[in-house]
$ cat final-v3.txt   # compact mmCIF, C-alpha atoms
# COMPACT_ATOMS: atom_id res chain seq x y z
CA MET W 1 0.00 0.00 0.00
CA ILE W 2 1.38 3.43 -0.98
CA ARG W 3 1.40 5.81 1.98
CA THR W 4 0.46 9.36 1.00
CA GLU W 5 1.00 12.33 3.30
CA THR W 6 -0.36 15.84 3.11
CA VAL W 7 2.21 18.64 3.16
CA THR W 8 1.77 22.41 3.15
CA VAL W 9 4.49 25.00 2.64
CA PRO W 10 4.01 27.97 5.02
CA GLU W 11 3.46 31.40 3.50
CA TYR W 12 6.80 32.80 4.71
CA VAL W 13 8.78 30.01 2.96
CA HIS W 14 8.97 31.69 -0.41
CA GLY W 15 11.59 32.91 -2.85
CA TYR W 16 9.69 34.93 -5.40
CA PRO W 17 6.41 36.25 -3.99
CA GLY W 18 3.69 33.62 -3.89
CA VAL W 19 5.94 30.70 -4.89
CA ALA W 20 7.27 28.05 -2.46
CA PHE W 21 11.03 28.13 -1.96
CA GLY W 22 12.62 25.49 -4.18
CA GLY W 23 15.24 24.20 -1.74
CA TYR W 24 12.63 23.74 0.96
CA VAL W 25 10.43 21.68 -1.37
CA ALA W 26 13.48 19.65 -2.43
CA GLY W 27 14.28 18.90 1.20
CA LEU W 28 10.73 17.66 1.82
CA LEU W 29 11.19 15.27 -1.11
CA ALA W 30 14.70 14.17 -0.11
CA GLY W 31 14.19 13.75 3.63
CA PRO W 32 12.19 10.49 3.53
CA CYS W 33 14.43 8.84 0.91
CA GLU W 34 16.70 5.97 1.90
CA ALA W 35 19.35 7.00 -0.64
CA THR W 36 21.97 9.51 0.52
CA GLU W 37 22.38 11.25 -2.84
CA ILE W 38 19.13 12.63 -4.24
CA HIS W 39 18.13 14.41 -7.45
CA VAL W 40 15.04 16.65 -7.41
CA ASP W 41 13.28 17.86 -10.57
CA PHE W 42 10.90 20.79 -10.38
CA ARG W 43 8.00 20.43 -12.82
CA ALA W 44 5.78 23.40 -11.94
CA ARG W 45 5.50 26.20 -9.41
CA VAL W 46 4.70 24.93 -5.93
CA PRO W 47 2.02 27.00 -4.14
CA LEU W 48 2.06 28.32 -0.59
CA GLU W 49 -0.48 27.54 2.13
CA THR W 50 -2.04 24.86 -0.08
CA PRO W 51 -2.35 21.19 0.95
CA MET W 52 -0.43 18.89 -1.42
CA SER W 53 0.12 15.14 -1.60
CA LEU W 54 3.55 13.64 -0.89
CA ARG W 55 3.88 9.98 -1.87
CA PRO W 56 6.67 7.46 -2.51
CA THR W 57 7.42 6.39 -6.08
CA ARG W 58 8.65 3.14 -7.57
CA SER W 59 12.04 4.75 -8.27
CA GLY W 60 12.84 5.00 -4.55
CA GLY W 61 12.05 8.70 -4.43
CA TYR W 62 9.01 10.82 -3.67
CA ALA W 63 6.60 12.98 -5.64
CA VAL W 64 4.54 15.97 -4.60
CA THR W 65 1.32 16.70 -6.48
CA GLY W 66 -1.24 19.46 -6.30
CA ALA W 67 -4.91 19.09 -5.43
CA ASP W 68 -5.62 18.55 -9.12
CA GLY W 69 -3.15 15.67 -9.29
CA VAL W 70 -0.58 17.58 -11.36
CA LEU W 71 3.04 16.61 -10.59
CA LEU W 72 4.88 19.60 -9.10
CA ALA W 73 8.26 18.10 -8.14
CA GLU W 74 9.85 14.66 -7.83
CA SER W 75 12.94 13.14 -6.18
CA THR W 76 14.96 10.13 -7.32
CA PRO W 77 18.15 8.44 -6.07
CA ALA W 78 21.19 9.82 -7.88
CA VAL W 79 24.98 9.74 -8.10
CA LEU W 80 26.61 13.09 -7.35
CA THR W 81 29.98 13.41 -9.09
CA ILE W 82 30.78 17.02 -8.24
CA ASP W 83 34.27 17.87 -6.92
CA PRO W 84 34.08 21.01 -4.74
CA PRO W 85 37.02 23.41 -4.60
CA PRO W 86 38.52 24.14 -1.17
CA ALA W 87 36.36 26.30 1.07
CA PRO W 88 37.38 29.94 1.57
CA SER W 89 38.41 31.10 5.03
CA TRP W 90 35.89 32.15 7.65
CA ALA W 91 37.46 35.63 7.68
CA ASP W 92 36.92 36.01 3.94
CA ALA W 93 33.37 34.71 4.18
CA LYS W 94 32.55 37.06 7.05
CA ALA W 95 33.93 40.06 5.17
CA VAL W 96 31.84 39.20 2.11
CA THR W 97 28.67 38.77 4.18
CA ASP W 98 29.25 42.11 5.89
CA ALA W 99 29.59 43.71 2.46
CA ALA W 100 26.41 42.01 1.27
CA MET W 101 24.47 43.71 4.06
CA VAL W 102 25.09 47.09 2.41
CA SER W 103 25.41 46.03 -1.26
CA ARG W 104 22.35 43.85 -1.80
CA ARG W 105 18.72 44.78 -2.08
CA VAL W 106 16.89 43.77 1.12
CA THR W 107 14.18 41.15 0.51
CA ASP W 108 12.18 38.60 2.50
CA CYS W 109 13.34 35.60 0.41
CA TYR W 110 13.38 32.55 2.70
CA GLY W 111 16.94 31.71 1.67
CA CYS W 112 18.80 35.00 1.31
CA GLY W 113 16.46 37.69 2.62
CA ALA W 114 17.86 39.97 5.32
CA ALA W 115 14.31 41.10 6.09
CA CYS W 116 13.26 37.66 7.39
CA ALA W 117 12.59 37.41 11.11
CA PRO W 118 14.96 35.09 13.03
CA GLY W 119 13.88 31.48 12.58
CA ARG W 120 11.57 32.32 9.67
CA GLY W 121 14.30 32.50 7.08
CA LEU W 122 17.91 31.41 6.65
CA ARG W 123 19.35 34.92 6.24
CA LEU W 124 22.16 33.33 4.18
CA LEU W 125 23.67 36.44 2.63
CA THR W 126 25.78 35.09 -0.22
CA TRP W 127 27.67 37.64 -2.26
CA ASP W 128 30.27 37.99 -5.00
CA THR W 129 34.03 37.80 -4.55
CA PRO W 130 35.83 39.71 -7.31
CA ASP W 131 39.22 38.19 -6.51
CA HIS W 132 38.21 34.57 -7.24
CA ASP W 133 35.51 32.52 -8.94
CA LEU W 134 33.19 32.00 -5.98
CA VAL W 135 30.21 33.51 -4.25
CA ILE W 136 30.49 33.00 -0.50
CA ALA W 137 28.87 33.71 2.85
CA ALA W 138 29.44 33.24 6.55
CA TRP W 139 26.37 31.64 8.11
CA ILE W 140 25.30 30.89 11.69
CA PRO W 141 21.86 29.19 11.54
CA ASP W 142 19.27 30.57 13.94
CA PRO W 143 18.03 28.15 16.66
CA GLY W 144 14.50 28.58 15.34
CA LEU W 145 15.50 26.67 12.19
CA ALA W 146 16.24 23.43 14.08
CA ASP W 147 13.78 20.58 14.62
CA GLU W 148 13.13 18.58 17.78
CA SER W 149 16.42 16.71 17.32
CA GLY W 150 18.38 19.94 17.71
CA ARG W 151 19.64 19.73 14.12
CA LEU W 152 18.62 21.45 10.93
CA PRO W 153 16.05 19.27 9.09
CA PRO W 154 16.53 18.35 5.41
CA GLU W 155 14.22 21.08 4.15
CA VAL W 156 16.44 23.71 5.80
CA VAL W 157 19.72 22.11 4.69
CA TRP W 158 18.51 21.86 1.09
CA SER W 159 17.28 25.44 1.30
CA ALA W 160 20.83 26.49 2.17
CA LEU W 161 21.99 24.81 -1.06
CA ASP W 162 19.51 26.71 -3.23
CA CYS W 163 19.95 30.52 -3.24
CA PRO W 164 23.79 30.46 -3.49
CA GLY W 165 23.42 28.70 -6.84
CA GLY W 166 21.19 31.42 -8.19
CA TRP W 167 23.58 34.14 -7.07
CA THR W 168 26.43 32.28 -8.77
CA ALA W 169 24.52 32.03 -12.05
CA MET W 170 23.72 35.75 -11.88
CA ARG W 171 27.07 37.08 -10.70
CA LYS W 172 29.41 34.67 -12.50
CA GLN W 173 27.47 33.48 -15.57
CA GLY W 174 25.35 36.46 -16.52
CA MET W 175 21.93 35.01 -15.73
CA GLY W 176 19.32 37.76 -15.48
CA PHE W 177 17.00 38.31 -12.53
CA GLY W 178 14.04 35.94 -12.54
CA GLY W 179 15.97 32.67 -12.95
CA VAL W 180 14.53 29.58 -11.28
CA THR W 181 15.87 26.32 -9.90
CA ALA W 182 14.99 23.58 -12.40
CA ALA W 183 16.86 20.72 -10.71
CA LEU W 184 18.90 20.19 -7.56
CA THR W 185 21.08 17.17 -6.77
CA ALA W 186 22.56 17.04 -3.29
CA THR W 187 23.91 15.02 -0.41
CA GLN W 188 24.31 15.84 3.28
CA LEU W 189 27.59 14.52 4.67
CA GLN W 190 27.17 15.37 8.36
CA PRO W 191 24.63 16.97 10.70
CA ILE W 192 24.27 20.75 10.66
CA TYR W 193 23.50 22.52 13.91
CA PRO W 194 22.08 25.93 14.88
CA ASP W 195 24.32 28.52 16.51
CA SER W 196 27.36 26.95 14.80
CA PRO W 197 29.42 28.71 12.11
CA TYR W 198 29.39 27.47 8.51
CA ILE W 199 30.87 28.69 5.26
CA SER W 200 28.57 28.67 2.23
CA TYR W 201 30.25 28.86 -1.15
CA ALA W 202 29.25 28.24 -4.74
CA TRP W 203 30.96 28.24 -8.12
CA PRO W 204 30.07 28.15 -11.83
CA ILE W 205 30.35 24.86 -13.73
CA SER W 206 28.92 25.48 -17.21
CA HIS W 207 26.24 27.43 -19.04
CA GLY W 208 24.66 27.63 -22.45
CA GLY W 209 21.64 29.52 -23.64
CA ARG W 210 19.17 29.82 -20.78
CA LYS W 211 20.72 26.96 -18.75
CA HIS W 212 23.23 27.51 -15.94
CA ILE W 213 24.87 24.67 -13.98
CA VAL W 214 26.53 25.54 -10.68
CA GLY W 215 28.02 23.83 -7.66
CA ILE W 216 27.24 24.63 -4.03
CA ALA W 217 28.77 23.52 -0.73
CA LEU W 218 28.48 24.05 3.00
CA ALA W 219 31.60 23.60 5.12
CA THR W 220 32.84 24.15 8.67
CA PRO W 221 35.34 26.97 9.32
CA SER W 222 38.09 24.33 9.16
CA GLY W 223 36.98 23.42 5.62
CA GLU W 224 35.25 20.10 6.37
CA LEU W 225 32.38 19.55 3.94
CA CYS W 226 28.89 19.23 5.43
CA ALA W 227 26.69 19.23 2.30
CA VAL W 228 27.30 19.44 -1.44
CA ALA W 229 25.00 20.08 -4.40
CA GLU W 230 24.84 20.63 -8.13
CA ALA W 231 22.02 22.81 -9.43
CA LEU W 232 20.48 23.63 -12.79
CA TRP W 233 19.12 27.15 -13.00
CA ILE W 234 17.10 28.35 -15.97
CA GLN W 235 16.50 31.87 -17.21
CA PRO W 236 12.82 32.12 -18.19
CA LYS W 237 11.94 32.98 -21.77
CA PRO W 238 11.36 36.68 -22.41

$ encode --input "final-v3.txt" --output "structure tokens"
Amino acid sequence: MIRTETVTVPEYVHGYPGVAFGGYVAGLLAGPCEATEIHVDFRARVPLETPMSLRPTRSGGYAVTGADGVLLAESTPAVLTIDPPPAPSWADAKAVTDAAMVSRRVTDCYGCGAACAPGRGLRLLTWDTPDHDLVIAAWIPDPGLADESGRLPPEVVWSALDCPGGWTAMRKQGMGFGGVTAALTATQLQPIYPDSPYISYAWPISHGGRKHIVGIALATPSGELCAVAEALWIQPKP
């Protein structure tokens, strides 16, 4: 018997207004999977404050569908072959994040919005580094992001692997504003805790036409990898 659950993305968990944050949705689809490396495809915009069905699939992944039965996103086991570059230093990441506070437009994006209240957004302020081919950030997750285990749940970890990819595509590959996450493949290598320092960094891999492929990683200040992802971002048609 296939067990179907009902899931609802809260209103504040959005990227663009009115659209559920992609990394959060990906984490909901990856969390129940037995595989440790997961690929998530986004098929359509996922709504906010709307009950949806989450069910396992024959592939070993999960699918989320709307009330009308339309497939919105789907996860499948994958093999992640990405080779992250070394993490930047905490000092460099902190300097870039401090600069982002004055350089970037303030938004309430769940991933990178400085206007989010503590615990209701990651406040992961990734920004460009002109001296090398990375976008980076210093990040200390708020305690309100943790679950009952005291760790960050998959939907928060995957969220932290989302926005940095978009900033990389925009700042390093020329993607215009309005790009969306089309696919995200990731693995979590160790638990991630609130009130602990992490370095977020992302880098360009390839791009052609409207498609942009980027890599993203989370690491400790000593450079130990905690989570790694490869993302496909797409610039919408004019």

$ closest_residue --input "final-v3.txt" --among "W:Ala115, W:Ala186, W:Ala95, W:Ala87" --to "Leu134 of chain W" --atoms "only C-alpha atoms"
W:Ala87

$ atom_distance --input "final-v3.txt" --atom1 "atom CA of Pro236 of chain W" --atom2 "atom CA of Arg43 of chain W"
13.7 Å

$ closest_residue --input "final-v3.txt" --among "W:Ala93, W:Ile38, W:Val79, W:Ile205" --to "Gly223 of chain W" --atoms "all atoms listed in the file"
W:Ala93

$ closest_residue --input "final-v3.txt" --among "W:Ala217, W:His207, W:Val64, W:Thr126" --to "Ala114 of chain W" --atoms "all atoms listed in the file"
W:Thr126

$ residues_around --input "final-v3.txt" --residues "Ser89 of chain W" --least-positions-apart "6" --cutoff "8 Å" --atoms "only C-alpha atoms" --output "number ranges by chain"
W: 199, 221-223

$ atom_distance --input "final-v3.txt" --atom1 "atom CA of Gly15 of chain W" --atom2 "atom CA of Asp108 of chain W"
7.8 Å

$ residues_around --input "final-v3.txt" --residues "Val180 of chain W" --least-positions-apart "6" --cutoff "7 Å" --atoms "all atoms listed in the file" --output "PyMOL selection string"
chain W and resi 233-235

$ closest_residue --input "final-v3.txt" --among "W:Glu49, W:Asp131, W:Asp195, W:Glu224" --to "Pro10 of chain W" --atoms "only C-alpha atoms"
W:Glu49

$ closest_residue --input "final-v3.txt" --among "W:Pro85, W:Pro143, W:Gly31, W:Pro154" --to "Pro204 of chain W" --atoms "all atoms listed in the file"
W:Pro85

$ atom_distance --input "final-v3.txt" --atom1 "atom CA of Gly144 of chain W" --atom2 "atom CA of Pro191 of chain W"
16.1 Å

$ closest_residue --input "final-v3.txt" --among "W:Ala26, W:Leu80, W:Leu125, W:Leu232" --to "Thr107 of chain W" --atoms "only C-alpha atoms"
W:Leu125

$ residues_around --input "final-v3.txt" --residues "His212 of chain W" --least-positions-apart "4" --cutoff "12 Å" --atoms "all atoms listed in the file" --output "NGL selection string"
:W and (165-176 or 179-184 or 203-208 or 230-236)

$ residues_around --input "final-v3.txt" --residues "Val70 of chain W" --least-positions-apart "6" --cutoff "12 Å" --atoms "only C-alpha atoms" --output "count of residues only"
10

$ residues_around --input "final-v3.txt" --residues "Leu189 of chain W" --least-positions-apart "4" --cutoff "9 Å" --atoms "all atoms listed in the file" --output "PDB file with C-alpha atoms, in the coordinates of the input"
ATOM      1  CA  THR W  36      21.970   9.510   0.520  1.00  0.00           C
ATOM      2  CA  LEU W 225      32.380  19.550   3.940  1.00  0.00           C
ATOM      3  CA  CYS W 226      28.890  19.230   5.430  1.00  0.00           C
ATOM      4  CA  ALA W 227      26.690  19.230   2.300  1.00  0.00           C
ATOM      5  CA  VAL W 228      27.300  19.440  -1.440  1.00  0.00           C
TER       6      VAL W 228
END

$ build_atoms --input "final-v3.txt" --residues "segment 87-99 of chain W" --atoms "N, CA, C and O atoms" --output "PDB file, keeping the file's coordinate frame"
ATOM      1  N   ALA W  87      37.181  25.227   0.509  1.00  0.00           N
ATOM      2  CA  ALA W  87      36.360  26.300   1.070  1.00  0.00           C
ATOM      3  C   ALA W  87      37.220  27.527   1.344  1.00  0.00           C
ATOM      4  O   ALA W  87      38.387  27.416   1.716  1.00  0.00           O
ATOM      5  N   PRO W  88      36.649  28.727   1.168  1.00  0.00           N
ATOM      6  CA  PRO W  88      37.380  29.940   1.570  1.00  0.00           C
ATOM      7  C   PRO W  88      37.483  30.007   3.086  1.00  0.00           C
ATOM      8  O   PRO W  88      36.852  29.235   3.812  1.00  0.00           O
ATOM      9  N   SER W  89      38.250  30.946   3.581  1.00  0.00           N
ATOM     10  CA  SER W  89      38.410  31.100   5.030  1.00  0.00           C
ATOM     11  C   SER W  89      37.167  31.735   5.641  1.00  0.00           C
ATOM     12  O   SER W  89      36.397  32.429   4.965  1.00  0.00           O
ATOM     13  N   TRP W  90      36.997  31.517   6.945  1.00  0.00           N
ATOM     14  CA  TRP W  90      35.890  32.150   7.650  1.00  0.00           C
ATOM     15  C   TRP W  90      36.030  33.666   7.597  1.00  0.00           C
ATOM     16  O   TRP W  90      35.033  34.391   7.444  1.00  0.00           O
ATOM     17  N   ALA W  91      37.245  34.181   7.719  1.00  0.00           N
ATOM     18  CA  ALA W  91      37.460  35.630   7.680  1.00  0.00           C
ATOM     19  C   ALA W  91      37.012  36.216   6.348  1.00  0.00           C
ATOM     20  O   ALA W  91      36.355  37.265   6.299  1.00  0.00           O
ATOM     21  N   ASP W  92      37.348  35.534   5.257  1.00  0.00           N
ATOM     22  CA  ASP W  92      36.920  36.010   3.940  1.00  0.00           C
ATOM     23  C   ASP W  92      35.401  35.956   3.804  1.00  0.00           C
ATOM     24  O   ASP W  92      34.776  36.881   3.279  1.00  0.00           O
ATOM     25  N   ALA W  93      34.825  34.862   4.270  1.00  0.00           N
ATOM     26  CA  ALA W  93      33.370  34.710   4.180  1.00  0.00           C
ATOM     27  C   ALA W  93      32.655  35.769   5.002  1.00  0.00           C
ATOM     28  O   ALA W  93      31.658  36.346   4.568  1.00  0.00           O
ATOM     29  N   LYS W  94      33.168  36.045   6.186  1.00  0.00           N
ATOM     30  CA  LYS W  94      32.550  37.060   7.050  1.00  0.00           C
ATOM     31  C   LYS W  94      32.644  38.447   6.424  1.00  0.00           C
ATOM     32  O   LYS W  94      31.683  39.226   6.461  1.00  0.00           O
ATOM     33  N   ALA W  95      33.768  38.750   5.806  1.00  0.00           N
ATOM     34  CA  ALA W  95      33.930  40.060   5.170  1.00  0.00           C
ATOM     35  C   ALA W  95      32.957  40.221   4.007  1.00  0.00           C
ATOM     36  O   ALA W  95      32.368  41.291   3.809  1.00  0.00           O
ATOM     37  N   VAL W  96      32.765  39.147   3.233  1.00  0.00           N
ATOM     38  CA  VAL W  96      31.840  39.200   2.110  1.00  0.00           C
ATOM     39  C   VAL W  96      30.401  39.369   2.589  1.00  0.00           C
ATOM     40  O   VAL W  96      29.613  40.145   2.037  1.00  0.00           O
ATOM     41  N   THR W  97      30.034  38.654   3.639  1.00  0.00           N
ATOM     42  CA  THR W  97      28.670  38.770   4.180  1.00  0.00           C
ATOM     43  C   THR W  97      28.421  40.162   4.726  1.00  0.00           C
ATOM     44  O   THR W  97      27.336  40.733   4.543  1.00  0.00           O
ATOM     45  N   ASP W  98      29.400  40.744   5.394  1.00  0.00           N
ATOM     46  CA  ASP W  98      29.250  42.110   5.890  1.00  0.00           C
ATOM     47  C   ASP W  98      29.041  43.078   4.737  1.00  0.00           C
ATOM     48  O   ASP W  98      28.219  44.011   4.827  1.00  0.00           O
ATOM     49  N   ALA W  99      29.761  42.852   3.636  1.00  0.00           N
ATOM     50  CA  ALA W  99      29.590  43.710   2.460  1.00  0.00           C
ATOM     51  C   ALA W  99      28.218  43.521   1.836  1.00  0.00           C
ATOM     52  O   ALA W  99      27.615  44.479   1.338  1.00  0.00           O
TER      53      ALA W  99
END
